[in-house]
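Chemist: Data: target_0.cif, mmCIF, C-alpha atoms.
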data_run
#
loop_
_atom_site.label_atom_id
_atom_site.label_comp_id
_atom_site.auth_asym_id
_atom_site.auth_seq_id
_atom_site.Cartn_x
_atom_site.Cartn_y
_atom_site.Cartn_z
CA MET A 74 -2.76 19.62 -8.67
CA LEU A 75 0.37 20.36 -6.63
CA ASN A 76 0.38 23.01 -3.96
CA GLN A 77 3.46 24.93 -5.04
CA ALA A 78 4.32 25.74 -1.40
CA LEU A 79 5.07 22.06 -0.77
CA HIS A 80 8.53 20.67 -1.37
CA PRO A 81 8.72 17.07 -0.10
CA GLN A 82 12.18 15.64 0.34
CA VAL A 83 11.10 12.01 0.73
CA LEU A 84 8.40 10.15 -1.19
CA LEU A 85 6.98 7.11 0.63
CA PHE A 86 5.23 4.73 -1.75
CA ASP A 87 2.52 2.31 -0.80
CA VAL A 88 3.16 -0.94 -2.69
CA ASN A 89 0.05 -3.11 -3.06
CA GLY A 90 -2.29 -1.54 -5.57
CA THR A 91 -0.32 1.69 -5.88
CA LEU A 92 2.82 0.25 -7.49
CA LEU A 93 1.76 -3.34 -8.14
CA ASP A 94 -1.29 -4.58 -10.05
CA LEU A 95 -3.44 -6.72 -7.75
CA ALA A 96 -5.53 -8.24 -10.55
CA PRO A 97 -4.12 -11.80 -10.16
CA VAL A 98 -4.92 -11.82 -6.44
CA ARG A 99 -8.43 -10.51 -7.11
CA ARG A 100 -9.06 -13.30 -9.59
CA SER A 101 -7.77 -15.96 -7.20
CA VAL A 102 -9.87 -14.71 -4.28
CA ASN A 103 -12.97 -14.39 -6.44
CA GLU A 104 -12.54 -17.99 -7.54
CA VAL A 105 -12.32 -19.22 -3.95
CA LEU A 106 -15.33 -17.20 -2.83
CA LEU A 107 -17.37 -18.00 -5.96
CA ASP A 108 -18.12 -14.29 -6.25
CA GLU A 109 -16.82 -11.84 -8.84
CA ARG A 110 -16.89 -9.12 -6.17
CA GLY A 111 -15.45 -11.26 -3.38
CA ALA A 112 -11.98 -9.74 -3.55
CA SER A 113 -13.26 -6.29 -2.57
CA LEU A 114 -14.78 -7.72 0.60
CA TRP A 115 -11.63 -9.73 1.27
CA PHE A 116 -9.39 -6.66 0.99
CA SER A 117 -11.52 -4.53 3.28
CA THR A 118 -11.99 -7.34 5.81
CA THR A 119 -8.25 -8.05 5.85
CA LEU A 120 -7.59 -4.39 6.57
CA HIS A 121 -10.25 -4.46 9.29
CA HIS A 122 -8.65 -7.42 11.06
CA SER A 123 -5.12 -6.04 10.70
CA LEU A 124 -6.31 -2.97 12.60
CA VAL A 125 -8.10 -5.14 15.16
CA MET A 126 -4.71 -6.70 15.88
CA THR A 127 -2.98 -3.32 15.99
CA VAL A 128 -5.39 -1.78 18.50
CA SER A 129 -5.22 -4.99 20.55
CA GLY A 130 -1.43 -4.83 20.75
CA LYS A 131 -0.92 -7.87 18.51
CA HIS A 132 0.78 -8.37 15.15
CA ALA A 133 0.95 -10.98 12.41
CA ASP A 134 2.15 -11.15 8.83
CA LEU A 135 -0.38 -9.49 6.51
CA MET A 136 -0.72 -12.64 4.43
CA GLU A 137 -1.34 -14.72 7.54
CA ILE A 138 -4.20 -12.38 8.35
CA GLY A 139 -5.36 -12.47 4.74
CA ALA A 140 -5.43 -16.27 4.67
CA ALA A 141 -7.43 -16.38 7.91
CA VAL A 142 -9.91 -13.83 6.52
CA LEU A 143 -10.25 -15.81 3.30
CA GLN A 144 -11.17 -18.90 5.32
CA MET A 145 -13.75 -16.88 7.29
CA LEU A 146 -15.39 -15.47 4.18
CA ALA A 147 -15.35 -18.85 2.47
CA ARG A 148 -17.21 -20.43 5.38
CA ASN A 149 -19.94 -17.81 4.98
CA ARG A 150 -20.38 -19.15 1.46
CA ASP A 151 -20.33 -22.80 2.54
CA VAL A 152 -16.88 -23.21 0.99
CA VAL A 153 -14.34 -25.18 3.02
CA ILE A 154 -10.71 -24.17 2.48
CA GLY A 155 -7.75 -25.20 4.64
CA THR A 156 -5.00 -22.89 5.83
CA GLU A 157 -2.45 -24.06 3.27
CA ASP A 158 -4.93 -23.79 0.41
CA ALA A 159 -5.84 -20.28 1.56
CA ARG A 160 -2.17 -19.31 1.59
CA GLN A 161 -1.73 -20.82 -1.86
CA ALA A 162 -4.68 -18.82 -3.17
CA LEU A 163 -2.84 -15.67 -2.05
CA SER A 164 0.60 -16.71 -3.28
CA ALA A 165 0.32 -14.44 -6.32
CA MET A 166 0.80 -11.49 -3.95
CA ARG A 167 4.58 -11.96 -4.11
CA SER A 168 4.77 -12.10 -7.92
CA LEU A 169 2.67 -9.13 -9.03
CA ALA A 170 3.57 -7.02 -12.04
CA PRO A 171 4.00 -3.27 -11.68
CA HIS A 172 1.47 -0.94 -13.25
CA PRO A 173 2.84 0.38 -16.58
CA ASP A 174 3.28 3.91 -15.22
CA VAL A 175 5.44 2.88 -12.26
CA LEU A 176 9.01 2.52 -13.49
CA PRO A 177 9.02 5.65 -15.71
CA CYS A 178 7.64 7.65 -12.78
CA LEU A 179 10.20 6.36 -10.29
CA GLU A 180 13.05 7.04 -12.71
CA ARG A 181 11.86 10.62 -13.31
CA LEU A 182 11.49 11.31 -9.61
CA ARG A 183 14.93 9.93 -8.79
CA ARG A 184 16.49 12.08 -11.52
CA ALA A 185 14.67 15.08 -10.04
CA GLY A 186 16.43 14.47 -6.72
CA TYR A 187 13.68 12.96 -4.60
CA ARG A 188 14.50 10.28 -2.03
CA LEU A 189 12.24 7.26 -2.54
CA ALA A 190 11.19 4.56 -0.09
CA THR A 191 8.34 2.11 0.28
CA LEU A 192 5.95 2.10 3.23
CA THR A 193 3.88 -1.05 3.13
CA ASN A 194 1.70 -3.29 5.26
CA SER A 195 3.49 -6.27 3.68
CA SER A 196 6.20 -8.02 5.68
CA LYS A 197 9.89 -7.34 5.12
CA ALA A 198 10.34 -10.61 3.23
CA GLY A 199 7.12 -9.98 1.34
CA VAL A 200 8.06 -6.54 0.04
CA GLU A 201 11.58 -7.70 -0.84
CA ALA A 202 10.13 -10.53 -2.93
CA GLN A 203 7.53 -8.25 -4.50
CA LEU A 204 9.98 -5.56 -5.57
CA LYS A 205 12.56 -8.05 -6.83
CA HIS A 206 9.98 -9.83 -8.99
CA ALA A 207 8.63 -6.52 -10.30
CA GLY A 208 12.11 -5.24 -11.19
CA LEU A 209 11.79 -2.30 -8.79
CA ALA A 210 14.18 -3.29 -6.00
CA GLY A 211 16.86 -0.83 -7.07
CA CYS A 212 14.50 2.14 -7.16
CA PHE A 213 14.23 2.68 -3.43
CA GLU A 214 16.64 3.97 -0.81
CA GLN A 215 14.79 2.00 1.85
CA ARG A 216 12.05 -0.63 1.85
CA LEU A 217 10.08 0.15 5.00
CA SER A 218 7.61 -2.40 6.32
CA VAL A 219 5.16 -2.20 9.21
CA GLU A 220 6.74 -5.42 10.46
CA THR A 221 9.33 -3.27 12.24
CA PRO A 222 7.02 -1.05 14.33
CA GLN A 223 4.51 -3.93 14.61
CA LEU A 224 1.66 -1.57 13.74
CA PHE A 225 -0.42 -1.58 10.58
CA LYS A 226 -1.18 1.49 8.52
CA PRO A 227 -3.05 3.76 8.96
CA HIS A 228 -2.00 3.91 12.62
CA GLY A 229 -0.46 7.37 12.99
CA ASP A 230 2.73 6.10 14.61
CA VAL A 231 3.64 4.17 11.46
CA TYR A 232 4.03 7.36 9.45
CA GLY A 233 6.03 9.08 12.19
CA TRP A 234 8.29 6.04 12.43
CA ALA A 235 8.86 6.10 8.66
CA ALA A 236 9.91 9.75 8.80
CA GLU A 237 12.34 8.94 11.60
CA GLU A 238 13.81 6.10 9.55
CA MET A 239 14.38 8.53 6.66
CA LYS A 240 15.85 11.08 9.12
CA VAL A 241 13.47 13.88 8.18
CA ALA A 242 10.48 15.57 9.76
CA PRO A 243 7.05 14.10 8.93
CA SER A 244 6.19 17.31 7.06
CA ALA A 245 9.12 16.64 4.69
CA CYS A 246 7.60 13.30 3.64
CA MET A 247 4.88 12.71 1.08
CA LEU A 248 2.98 9.44 1.09
CA VAL A 249 1.96 8.24 -2.37
CA ALA A 250 -0.98 5.84 -2.24
CA ALA A 251 -4.05 4.66 -4.11
CA ASP A 252 -6.03 4.00 -0.92
CA GLY A 253 -8.09 6.79 0.59
CA TRP A 254 -7.62 5.41 4.10
CA ASP A 255 -3.82 5.45 3.69
CA VAL A 256 -3.81 9.03 2.44
CA ALA A 257 -6.10 10.00 5.34
CA GLY A 258 -3.77 8.41 7.89
CA ALA A 259 -0.73 10.15 6.44
CA LYS A 260 -2.37 13.57 6.44
CA TRP A 261 -3.59 13.17 10.01
CA ALA A 262 -0.03 12.20 11.02
CA GLY A 263 1.39 15.43 9.57
CA LEU A 264 2.74 14.13 6.27
CA GLN A 265 2.01 15.44 2.81
CA ALA A 266 0.08 13.01 0.64
CA ALA A 267 -0.61 12.21 -3.00
CA PHE A 268 -3.73 10.27 -3.91
CA ILE A 269 -3.42 8.10 -7.04
CA ALA A 270 -6.92 7.43 -8.35
CA ARG A 271 -6.52 3.84 -9.48
CA GLU A 272 -9.68 2.09 -10.69
CA ALA A 273 -12.45 1.91 -8.03
CA GLN A 274 -10.39 3.87 -5.48
CA GLN A 275 -11.85 6.91 -3.73
CA LYS A 276 -10.70 9.51 -1.24
CA PHE A 277 -12.24 9.35 2.24
CA PRO A 278 -14.68 12.29 2.44
CA LEU A 279 -14.06 12.91 6.15
CA ALA A 280 -10.29 13.22 5.73
CA GLU A 281 -8.15 16.20 4.83
CA LEU A 282 -7.71 16.68 1.10
CA PRO A 283 -4.50 15.26 -0.37
CA ASP A 284 -1.85 17.70 -1.51
CA ILE A 285 -1.81 16.02 -4.92
CA ASP A 286 -4.80 14.29 -6.49
CA VAL A 287 -4.00 12.66 -9.84
CA ALA A 288 -5.17 9.81 -12.04
CA ASP A 289 -1.86 7.96 -12.25
CA LEU A 290 1.83 8.04 -11.48
CA ALA A 291 2.67 9.69 -14.79
CA ALA A 292 0.66 12.69 -13.62
CA LEU A 293 2.42 12.56 -10.26
CA ALA A 294 5.78 12.75 -12.00
CA ASP A 295 4.52 15.66 -14.09
CA ALA A 296 3.50 17.50 -10.91
CA LEU A 297 6.67 16.83 -8.93
CA ALA A 298 9.39 16.62 -11.55
CA ALA A 299 8.29 19.33 -13.96
#
If you took the structure in this file and wrote it as structure tokens, what would it be?
Modeler:
Amino acid sequence: MLNQALHPQVLLFDVNGTLLDLAPVRRSVNEVLLDERGASLWFSTTLHHSLVMTVSGKHADLMEIGAAVLQMLARNRDVVIGTEDARQALSAMRSLAPHPDVLPCLERLRRAGYRLATLTNSSKAGVEAQLKHAGLAGCFEQRLSVETPQLFKPHGDVYGWAAEEMKVAPSACMLVAADGWDVAGAKWAGLQAAFIAREAQQKFPLAELPDIDVADLAALADALAA
């Protein structure tokens, strides 16, 4: 439900999983790891190592980190995969389809007067390719990537930087994400947040509650554009 006292000016959308369906990447990773649940471990371990780089003052393309993690996990299963093959296994990341609720939601929110932008851990080139393939490139005022601040979400400075890029206060921004850790980071950084409960996604119990908690983007549009 929407707290009626909140009136976000800018909606910052996470991309991977929130807007785009990651099923093809999950299948590819599961095939490499010979494990139908391997993709879940790969996603969480990729996030872990992206944050290791952030707190160490280092940065790399998310897919470079993802390919390295895939090689690590494969070795634990006695599977040998080279760097190029690991990158190829993740190549579907740039050609993902949007979830069915995405485009109608974005169109409704734009008509309602909201400013829309992405805020993603993908690289600049990566998010450009993703949105172009998904037919969403024209929906966003800006396509913000952590490649610019060289910090991965959920580092608090990423959210503050995004607000600065949109020329509004953090409290005027609402992050829209299907990851509990992303919503937690945004709330702790002073943003509003909407949690989209995609399949197998949960809120982080130790974090502040999101301002909006809905099953899908259609419900988000109902809450914000009613």
Chemist: What do you get, as an MDAnalysis selection string, if you spell out every residue that the PyMOL selection byres ((chain A and resi 249-263) around 7) selects here?
Modeler: chainID A and resid 84:87 90:91 226:229 232:233 243:244 247:248 264:271 274:277 280:281 283
Chemist: Go through A:Leu124, A:Leu135, A:Ala185, A:Ala140 and flag the residue nearest Ala299 in chain A, using all atoms listed in the file for the distances.
Modeler: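 Ranking A:Leu124, A:Leu135, A:Ala185, A:Ala140 by distance to Ala299 in chain A, first place goes to A:Ala185.
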Chemist: Compare A:Ala202, A:Met145, A:Ala133, A:Ala298 by their minimum atom-to-atom distance to Leu179 in chain A, counting only C-alpha atoms, and give me the closest one.
Modeler: A:Ala298
Chemist: Would you compute the distance between CA of Leu120 in chain A and CA of Phe225 in chain A? Give it in Å to one decimal.
Modeler: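 Atom-to-atom, CA of Leu120 in chain A and CA of Phe225 in chain A are spaced 8.7 Å apart.
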Chemist: Taking the file as shown, what set of residues would the PyMOL selection byres ((chain A and resi 212-215) around 7) give back, as an MDAnalysis selection string?
Modeler: chainID A and resid 179 188:191 209:211 216:217
Chemist: Work out how far CA of Tyr187 in chain A is from CA of Val83 in chain A, in Å to one decimal.
Modeler: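 Those two atoms sit 6.0 Å apart.
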Chemist: What is the distance between CA of Arg110 in chain A and CA of Ala292 in chain A, in Å to one decimal?
Modeler: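 CA of Arg110 in chain A sits 29.0 Å away from CA of Ala292 in chain A.
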Chemist: Which residues fall under the PyMOL selection byres ((chain A and resi 134) around 8) in this file, as a CSV table (one decimal) with C-alpha atoms, in the frame of the given file?
Modeler:
chain,number,residue,atom,x,y,z
A,132,HIS,CA,0.8,-8.4,15.2
A,133,ALA,CA,1.0,-11.0,12.4
A,135,LEU,CA,-0.4,-9.5,6.5
A,136,MET,CA,-0.7,-12.6,4.4
A,137,GLU,CA,-1.3,-14.7,7.5
A,138,ILE,CA,-4.2,-12.4,8.4
A,195,SER,CA,3.5,-6.3,3.7
A,196,SER,CA,6.2,-8.0,5.7
A,220,GLU,CA,6.7,-5.4,10.5
Chemist: Would you please work out which residue, of A:Ala273, A:Val105, A:Val88, A:Leu293, is nearest to Arg150 in chain A when using all atoms listed in the file?
Modeler: A:Val105
Chemist: Taking only C-alpha atoms into account, which of A:Glu104, A:Ile285, A:Gln82, A:Pro222 comes nearest Arg183 in chain A?
Modeler: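 Of all the options, A:Gln82 lies closest to Arg183 in chain A.
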Chemist: Out of A:Glu238, A:Glu201, A:Asp174, A:Asp108, which residue has the shortest atom-to-atom distance to Ala288 in chain A when counting all atoms listed in the file?
Modeler: A:Asp174
Chemist: Smallest atom-to-atom distance to Leu93 in chain A: which of A:Leu182, A:Val219, A:Val125, A:Met166, using all atoms listed in the file?
Modeler: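 When distances to Leu93 in chain A are compared using all atoms listed in the file, the smallest one comes from A:Met166.
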Chemist: Please return, as a PyMOL selection string, all polymer residues that have at least one atom within 8 Å of the point (-5.7, -19.6, 8.0); use all atoms listed in the file and the file's own coordinate frame.
Modeler: chain A and resi 137-144+155-157+159-160
Chemist: Starting from the point (-12.6, -9.2, 2.3), work out which residues of protein, DNA or RNA have an atom no more than 10 Å away when counting only C-alpha atoms; state them as a list in words.
Modeler: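 Those residues, ordered by chain and then number, are Val102, Leu106, Arg110, Gly111, Ala112, Ser113, Leu114, Trp115, Phe116, Ser117, Thr118, Thr119, Leu120, His121, His122, Gly139, Val142, Leu143, Met145 and Leu146 of chain A.
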Chemist: Please list as number ranges by chain every residue within 8 Å of Ala235 in chain A, counting all atoms listed in the file and excluding residues in the same chain fewer than 4 positions away.
Modeler: A: 192, 217, 231, 239
Chemist: Can you fill out range 170-201 of chain A with N, CA and C atoms and hand it back as a compact mmCIF listing (two decimals), in the coordinates of the input?
Modeler:
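What landed in rebuild.txt:
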# COMPACT_ATOMS: atom_id res chain seq x y z
N ALA A 170 2.92 -7.91 -11.09
CA ALA A 170 3.57 -7.02 -12.04
C ALA A 170 3.31 -5.56 -11.64
N PRO A 171 4.25 -4.69 -11.95
CA PRO A 171 4.00 -3.27 -11.68
C PRO A 171 3.02 -2.70 -12.70
N HIS A 172 2.27 -1.68 -12.29
CA HIS A 172 1.47 -0.94 -13.25
C HIS A 172 2.41 -0.32 -14.28
N PRO A 173 1.95 -0.13 -15.52
CA PRO A 173 2.84 0.38 -16.58
C PRO A 173 3.45 1.75 -16.29
N ASP A 174 2.78 2.56 -15.47
CA ASP A 174 3.28 3.91 -15.22
C ASP A 174 4.33 3.97 -14.13
N VAL A 175 4.62 2.85 -13.47
CA VAL A 175 5.44 2.88 -12.26
C VAL A 175 6.90 3.19 -12.53
N LEU A 176 7.56 2.36 -13.32
CA LEU A 176 9.01 2.52 -13.49
C LEU A 176 9.37 3.86 -14.12
N PRO A 177 8.69 4.32 -15.18
CA PRO A 177 9.02 5.65 -15.71
C PRO A 177 8.87 6.75 -14.67
N CYS A 178 7.84 6.65 -13.84
CA CYS A 178 7.64 7.65 -12.78
C CYS A 178 8.78 7.64 -11.79
N LEU A 179 9.13 6.46 -11.29
CA LEU A 179 10.20 6.36 -10.29
C LEU A 179 11.52 6.88 -10.85
N GLU A 180 11.80 6.57 -12.09
CA GLU A 180 13.05 7.04 -12.71
C GLU A 180 13.07 8.56 -12.82
N ARG A 181 11.94 9.15 -13.20
CA ARG A 181 11.86 10.62 -13.31
C ARG A 181 12.04 11.27 -11.95
N LEU A 182 11.42 10.71 -10.93
CA LEU A 182 11.49 11.31 -9.61
C LEU A 182 12.90 11.19 -9.02
N ARG A 183 13.55 10.09 -9.26
CA ARG A 183 14.93 9.93 -8.79
C ARG A 183 15.85 10.94 -9.48
N ARG A 184 15.67 11.11 -10.79
CA ARG A 184 16.49 12.08 -11.52
C ARG A 184 16.24 13.51 -11.01
N ALA A 185 15.02 13.76 -10.55
CA ALA A 185 14.67 15.08 -10.04
C ALA A 185 15.20 15.32 -8.63
N GLY A 186 15.79 14.30 -8.02
CA GLY A 186 16.43 14.47 -6.72
C GLY A 186 15.63 14.05 -5.52
N TYR A 187 14.48 13.42 -5.73
CA TYR A 187 13.68 12.96 -4.60
C TYR A 187 14.27 11.68 -4.02
N ARG A 188 14.14 11.53 -2.71
CA ARG A 188 14.50 10.28 -2.03
C ARG A 188 13.25 9.40 -2.01
N LEU A 189 13.39 8.15 -2.42
CA LEU A 189 12.24 7.26 -2.54
C LEU A 189 12.37 6.08 -1.58
N ALA A 190 11.25 5.73 -0.96
CA ALA A 190 11.19 4.56 -0.09
C ALA A 190 9.79 3.96 -0.19
N THR A 191 9.66 2.70 0.17
CA THR A 191 8.34 2.11 0.28
C THR A 191 7.86 2.25 1.72
N LEU A 192 6.54 2.21 1.90
CA LEU A 192 5.95 2.10 3.23
C LEU A 192 4.73 1.21 3.08
N THR A 193 4.87 -0.04 3.47
CA THR A 193 3.88 -1.05 3.13
C THR A 193 3.43 -1.87 4.33
N ASN A 194 2.21 -2.36 4.25
CA ASN A 194 1.70 -3.29 5.26
C ASN A 194 2.22 -4.71 5.03
N SER A 195 2.88 -4.96 3.91
CA SER A 195 3.49 -6.27 3.68
C SER A 195 4.67 -6.47 4.63
N SER A 196 5.04 -7.71 4.84
CA SER A 196 6.20 -8.02 5.68
C SER A 196 7.49 -7.62 4.97
N LYS A 197 8.59 -7.64 5.72
CA LYS A 197 9.89 -7.34 5.12
C LYS A 197 10.21 -8.31 3.99
N ALA A 198 10.06 -9.60 4.27
CA ALA A 198 10.34 -10.61 3.23
C ALA A 198 9.38 -10.46 2.07
N GLY A 199 8.12 -10.13 2.39
CA GLY A 199 7.12 -9.98 1.34
C GLY A 199 7.45 -8.85 0.39
N VAL A 200 7.78 -7.67 0.92
CA VAL A 200 8.06 -6.54 0.04
C VAL A 200 9.36 -6.75 -0.73
N GLU A 201 10.34 -7.40 -0.11
CA GLU A 201 11.58 -7.70 -0.84
C GLU A 201 11.29 -8.59 -2.04
